[in-house]
Amino acid sequence: MAECCCKKPVTVTVTGAAGNIGYALLFRIASGAMLGPDQPVKLNLLEIPQAVKAAEGTAMELNDSAFPLLAGVDIYDDPNQAFAGCSYGLLVGARPRSKGMERADLLAANGGIFGPQGKAINDNAADDIRVLVVGNPANTNAYIAAKSAPDVPAERFTAMMRLDHNRAISQLAEKTGAAVKDIKKMIVWGNHSADQYPDLTFATVDGKPAPGLVDEAWLDDYFVPTVAKRGAAIIEARGASSAASAASAAIDHMHTWALGTPEGDWSTFAGPSHGEYGVPEGLIYGMPVICKDGQYQVVEGLELPEKTKQHIVANAKAAEEEIATVKELGIL
Ligand code: NAD
Ligand code: LMR
């Protein structure tokens, strides 16, 4: 392993390390894409016992890459050990959706993973722990993990909406012929599910308001459903759920959280609501955020169109129903 003489290493724990997203994610974390070119990382990989051998193969490849920022790799099948001293937890390990499956079908399979992991984080992680849940249904799993970690501030548990945010930017860039880098202030409200609401009301394209550049029919009939159902479209095309784009979005999410949103822009995070925009308190819900100094703050005070408000209410109801199902299943 090559040495880097900069900051003290931080521990990053990745669950589901031997999976498809894990394979696309770990090398970018080790390269510095997530926490910056001067931040060494110690990687803790968590897997189920049957997949530890595959994780060992990935660890061999990580070491063979001689990343100057990689301060070590350890593999565990015990969450308490994997989260010991962890500052950044990426909770990826869970079963993905296959063709025809809906998110609710995943609840019974995956919900049970996130309670024990939340508890392990509560008992073992570093005081500055920040958690991103990627494993689906991500918002509900983040809710379960947060509830199982009463000593960790709830806002440290987030679910990934950045993939949806990036998908929305990509669709708008394609429609307007603009460069992705010139699109700012996108929002995706809600849950990482087909009833999320991608919203370009406040977005700008090269400084111009986005709503003036696209028509209502494209918005309602193409943009919103294309972004919201993109996960299913990728499963249909690839025969497997998105992996590299999900890993890339996870890198973007943590990078933004640790190092801040660019001036004049915001991102979408799903953290626990404080009642902003009428979203029930505690629900892990996608909203626009600005990140600074390692904290994220919801962008408040936006004047929302009536249609957006209706989507927020409907989506919050769907998210609450998922939590009710979790309670019925005895997971919480
Ligand atoms: P995968 O099947 O390739 O890998 C999942 C890995 O998780 C496997 O190696 C498995 O052994 C491991 N795992 C299972 N239970 C575990 C546990 N209790 N502890 C540690 N590891 C465990 O799946 P993938 O393609 O990498 O996808 C992982 C998850 O991410 C799925 O739930 C998928 O639906 C979700 N996903 C979310 C988004 C998003 O935007 N939130 C996007 C894409 C995929
Ligand atoms: C995605 O959005 O690509 C993933 O969450 C996979 C899925 O099941 O939709």
# chains A, B, ... in the order shown; residues from 1 in each chain; ligands from 1
call {"tool": "residues_near_ligand", "arguments": {"ligand": "ligand 2", "cutoff": "10 Å", "atoms": "only C-alpha atoms and all ligand atoms", "output": "count of residues only"}}
result
39
call {"tool": "select_by_dssp", "arguments": {"residues": "stretch 42-164 of chain A", "states": "helix (DSSP H, G or I)", "output": "JSON, numbers by chain"}}
result
{"A": [49, 50, 51, 52, 53, 54, 55, 56, 57, 58, 59, 60, 61, 62, 63, 64, 79, 80, 81, 82, 103, 104, 105, 106, 107, 108, 109, 110, 111, 112, 113, 114, 115, 116, 117, 118, 119, 120, 121, 122, 123, 124, 138, 139, 140, 141, 142, 143, 144, 145, 146, 147, 154, 155, 156, 162, 163, 164]}
call {"tool": "closest_residue", "arguments": {"among": "A:Gly36, A:Gly190, A:Pro211, A:Gly294", "to": "A:Val279", "atoms": "only C-alpha atoms"}}
result
A:Gly190
call {"tool": "closest_residue", "arguments": {"among": "A:Val326, A:Ala109, A:Val10, A:Ala51", "to": "A:Leu70", "atoms": "only C-alpha atoms"}}
result
A:Val10
call {"tool": "residues_around", "arguments": {"residues": "A:Val52", "least_positions_apart": "4", "cutoff": "12 Å", "atoms": "only C-alpha atoms", "output": "PDB file with C-alpha atoms, in the first residue's frame"}}
result
ATOM      1  CA  THR A  15     -21.937  -2.874   3.530  1.00  0.00           C
ATOM      2  CA  GLY A  16     -22.721  -5.239   0.666  1.00  0.00           C
ATOM      3  CA  ALA A  17     -19.099  -4.775  -0.358  1.00  0.00           C
ATOM      4  CA  ALA A  18     -19.035  -7.852  -2.599  1.00  0.00           C
ATOM      5  CA  GLY A  19     -22.104  -6.749  -4.552  1.00  0.00           C
ATOM      6  CA  LEU A  45     -16.121  -3.991   4.268  1.00  0.00           C
ATOM      7  CA  LEU A  46     -19.184  -5.704   5.739  1.00  0.00           C
ATOM      8  CA  GLU A  47     -20.652  -8.784   4.088  1.00  0.00           C
ATOM      9  CA  ILE A  48     -22.741 -11.788   4.991  1.00  0.00           C
ATOM     10  CA  GLU A  56     -11.643 -10.731  -0.005  1.00  0.00           C
ATOM     11  CA  GLY A  57     -11.158 -10.761  -3.769  1.00  0.00           C
ATOM     12  CA  THR A  58     -12.300  -7.151  -3.990  1.00  0.00           C
ATOM     13  CA  ALA A  59      -9.934  -6.229  -1.141  1.00  0.00           C
ATOM     14  CA  ASP A  74     -10.567  -4.999   6.558  1.00  0.00           C
ATOM     15  CA  ILE A  75     -13.423  -7.408   5.977  1.00  0.00           C
ATOM     16  CA  TYR A  76     -16.076  -8.355   8.522  1.00  0.00           C
ATOM     17  CA  ASP A  77     -19.283 -10.336   8.809  1.00  0.00           C
ATOM     18  CA  ASP A  78     -20.090  -8.709  12.157  1.00  0.00           C
TER      19      ASP A  78
END
call {"tool": "residues_around", "arguments": {"residues": "A:Gly177", "least_positions_apart": "4", "cutoff": "12 Å", "atoms": "only C-alpha atoms", "output": "JSON list (two decimals) with C-alpha atoms, in the first residue's frame"}}
result
[["chain", "number", "residue", "atom", "x", "y", "z"],
["A", 169, "ILE", "CA", -30.41, 16.83, -14.41],
["A", 170, "SER", "CA", -29.42, 14.46, -17.21],
["A", 171, "GLN", "CA", -32.94, 14.51, -18.72],
["A", 172, "LEU", "CA", -33.13, 18.31, -18.61],
["A", 173, "ALA", "CA", -29.65, 18.64, -20.13],
["A", 181, "LYS", "CA", -22.60, 21.49, -15.32],
["A", 182, "ASP", "CA", -24.82, 24.44, -16.33],
["A", 183, "ILE", "CA", -27.92, 23.01, -14.62],
["A", 205, "VAL", "CA", -30.11, 26.21, -17.24],
["A", 206, "ASP", "CA", -27.08, 28.37, -17.91],
["A", 213, "LEU", "CA", -37.39, 26.29, -21.65],
["A", 214, "VAL", "CA", -39.70, 23.25, -21.59]]
call {"tool": "residues_around", "arguments": {"residues": "stretch 112-125 of chain A", "least_positions_apart": "6", "cutoff": "9 Å", "atoms": "only C-alpha atoms", "output": "list of chain:residue names"}}
result
A:Pro79, A:Asn80, A:Gln81, A:Ala82, A:Phe83, A:Ala84, A:Gly85, A:Cys86, A:Ser87, A:Tyr88, A:Gly89, A:Leu91, A:Gly93, A:Ala94, A:Asn141, A:Ala142, A:Tyr143, A:Ile144, A:Ala145, A:Ala146, A:Lys147, A:Ser148, A:Ala149, A:Pro150, A:Asp151, A:Val152, A:Ile331, A:Leu332
call {"tool": "select_by_dssp", "arguments": {"residues": "stretch 88-191 of chain A", "states": "strand (DSSP E)", "output": "PyMOL selection string"}}
result
chain A and resi 88-91+130-133+157-159+183-184+187-189
